[in-house]
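First the structure, in the form of C-alpha cells, and then the observations on it.
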Amino acid sequence: MDQSIFAEICLHQLKMSGVKEGEKLIVLTQGQERLDYADAFMSAGQRLGASMYHMRLPTPLPTSGWNVGVTGLAAMPDAVEALKACDMLIDCIFLLFSPEQMAIQAAGTRILTAVEPPELLARMLPTKEIREKVEIAAGLLDRAKVMRITSPHGTDVTYRLNTYPTIAEYACTDEPGRWDHWPSGFVFTGGDDDGVDGRIVVAPGDILLPQNIYVREPISYTIEKGWITDIRGGLDAELVKSYMAAFDDHRGNGMSHVGWGMNPNAKWHNLVAGAFPGGMGMEPRSFYGNVMFSTGPNNELGGPNDTACHLDIPMRGCSLFLDDEPIVVDGDIVVQEIQMHRN
Ligand code: FE
C-alpha cells in the first residue's frame with residue numbers, strides 16, 4: 001500500500017481512538033516486520049500533535065507454532081516500564097495473552113493491536129456504528145447467566161456465565177487501560193471454569209485458526225464440566241488433535257472465549273489463500289452472525305488457564321441464546337438494536 005494512504009487510514013484510526021495533542025504514543029515492532037506500520041502511525045500521530053516514538057525489538061528466535069503469550073518483552077523490564085508510562089501503545093507484534101500486556105494495561109496505557117495486512121485494515125476501518133452496536137451487544141452478554149449454542153449439525157452446548165467479564169472489540173480504543181484489535185467487530189466472554197457442557201460440531205465451511213483452513217469434514221467435540229473430553233471426526237479432527245498434542249499441556253482442552261461476530265464488512269469467504277497473505281484471521285473472527293468458540297487459555301479474561309495451546313473456531317449457521325432469548329438464529333442476528341445492514 002502507498003505509504004501516504006497507509007498514513008491516512010492510521011490517522012482515521014488514531015482519531016477514532018481519541019488521540020489528542022500532547023499524548024504520548026509508542027509504536028512497537030520487532031525485526032523487519034511492519035516497519036511501514038510504525039512510519040504510518042508516527043506520521044498520523046504527529047499530525048494530531050501527539051508525541052511519538054518507535055520501539056523496535058530484535059527478531060525473536062524461531063519457535064514452532066503459535067506460542068500464545070510469549071513475547072520478547074519478557075526479558076526487557078525497562079521497555080515494559082516505558083510502555084506503562086505512555087498513553088497509548090500501538091502493538092504491531094501481538095502481545096495478547098502475555099503477562100507484559102496485562103501489566104501495561106493495568107498501568108492505564110490503552111493498547112491497539114495492528115498486525116493484519118494494510119489492505120485489510122483499510123477495508124475494515126473502525127466506525128461509530130459498529131462501536132455503538134458492539135457496545136449494546138456487550139451489555140446483553142454481560143447481563144446473561146447462560147449461553148446456549150445450537151446448530152443443524154448437532155451442536156448443543158451450554159456455557160454458564162457467572163465468572164468472567166464481557167469483552168467488546170470494535171477496532172479502536174479511547175479509554176485508559178483498554179485493549180482492542182484492528183480490525184474486529186465482535187463480543188465474547190468465557191464460561192465458568194466447570195460450567196461448559198455439551199457437544200460442539202464444527203461443520204464444513206467453519207474455520208480453524210491459527211491453522212487458517214476451512215473445515216471439510218465435521219469435528220465433534222464433547223465437553224464436560226468445562227473440559228474437552230473427546231474430539232472425533234475425519235482429517236480435520238486429526239489435525240486439531242495433532243496440533244493440540246504438540247503442546248503437551250492438558251490445559252489446551254479447556255474452554256476459552258465464546259461469543260458472536262457483528263461486522264458486516266468482514267466476509268466469511270476472505271480467508272482464501274492469496275487474498276491477503278500474512279493475515280491472522282481477524283476477518284473470519286468478525287464476520288456478521290458467526291458464532292465463535294475457542295479452546296485453551298482463559299487468562300485473557302482473568303481466568304487461571306494460561307496454556308499456549310489456543311484455537312479460535314468461527315462457525316456459520318449457528319443459533320445462540322442468552323437466557324433462552326435468541327440473539328443469533330441460523331447465522332443471522334435477530335435482535336433489532338444490534339442488527340446491521342449486510343452489504
Ligand atoms: Fe482467541
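Letters A, B, ... mark the chains of the C-alpha cells in the order given; residue numbers begin at 1 per chain; ligand numbers begin at 1, in order shown.
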
Rows by chain and residue number, chain A within 7 Å of ligand 1, shortest pair, only C-alpha atoms and all ligand atoms, as JSON lines:
{"residue": "A:His257", "atom": "CA", "partner": "ligand 1", "partner_atom_place_in_ligand_line": "1 (Fe)", "distance": 6.6}
{"residue": "A:Ser294", "atom": "CA", "partner": "ligand 1", "partner_atom_place_in_ligand_line": "1 (Fe)", "distance": 6.1}
{"residue": "A:His310", "atom": "CA", "partner": "ligand 1", "partner_atom_place_in_ligand_line": "1 (Fe)", "distance": 6.6}
{"residue": "A:Leu311", "atom": "CA", "partner": "ligand 1", "partner_atom_place_in_ligand_line": "1 (Fe)", "distance": 6.4}
{"residue": "A:Asp312", "atom": "CA", "partner": "ligand 1", "partner_atom_place_in_ligand_line": "1 (Fe)", "distance": 5.0}

For this session: Going by DSSP on the backbone, which bits of segment 108-298 of chain A are helix (DSSP H, G or I)? Write them as number ranges by chain, please.
Result: A: 118-123, 128-143, 235-245, 250-253, 268-271, 282-286

Once you count only C-alpha atoms, what closest atom pair and distance in Å to one decimal does each residue of segment 236-316 of chain A within 12 Å of segment 204-216 of chain A have, with rows by chain and rising residue number, as CSV?
residue,atom,partner,partner_atom,distance
A:Asp236,CA,A:Val215,CA,6.3
A:Ala237,CA,A:Val215,CA,9.1
A:Glu238,CA,A:Val215,CA,11.6
A:Leu239,CA,A:Gln211,CA,9.1
A:Val240,CA,A:Leu208,CA,8.5
A:Ser242,CA,A:Gln211,CA,11.9
A:Tyr243,CA,A:Gln211,CA,9.2
A:Met244,CA,A:Gln211,CA,11.6
A:Trp268,CA,A:Asp206,CA,8.9
A:His269,CA,A:Gly205,CA,9.1
A:Asn270,CA,A:Asn212,CA,10.8
A:Leu271,CA,A:Asn212,CA,7.1
A:Val272,CA,A:Ile213,CA,8.5
A:Ala273,CA,A:Asn212,CA,8.9
A:Gly274,CA,A:Asn212,CA,11.9
A:Phe276,CA,A:Asn212,CA,11.8
A:Pro277,CA,A:Asn212,CA,11.1
A:Gly278,CA,A:Asn212,CA,10.4
A:Gly279,CA,A:Asn212,CA,9.0
A:Met280,CA,A:Pro210,CA,7.0
A:Gly281,CA,A:Leu209,CA,6.9
A:Met282,CA,A:Leu209,CA,9.7
A:Glu283,CA,A:Ile207,CA,11.1
A:Pro284,CA,A:Ile207,CA,7.6
A:Arg285,CA,A:Ile207,CA,8.9
A:Ser286,CA,A:Ile207,CA,11.9
A:Phe287,CA,A:Ile207,CA,11.5
A:Asn290,CA,A:Asp206,CA,9.3
A:Val291,CA,A:Asp206,CA,9.8
A:Met292,CA,A:Ile207,CA,9.4
A:Phe293,CA,A:Leu208,CA,10.5
A:Ser294,CA,A:Leu209,CA,9.2
A:Thr295,CA,A:Leu209,CA,10.7
A:Cys309,CA,A:Pro210,CA,10.3
A:His310,CA,A:Pro210,CA,8.2
A:Leu311,CA,A:Leu209,CA,5.6
A:Asp312,CA,A:Leu209,CA,5.1
A:Ile313,CA,A:Leu208,CA,5.1
A:Pro314,CA,A:Ile207,CA,5.6
A:Met315,CA,A:Asp206,CA,4.7
A:Arg316,CA,A:Asp206,CA,6.1

Problem set entry | Residue contacts of Thr150 of chain A (12 Å, only C-alpha atoms) excluding same-chain residues fewer than 3 positions away, as a ChimeraX atom specification | /A:147,153-159,198-202,291,315-322,324,326-331

Problem set entry | Pick from A:Ile93, A:Val196, A:Leu83, A:Val187, whichever lies nearest to Ile136 of chain A using only C-alpha atoms | A:Val187
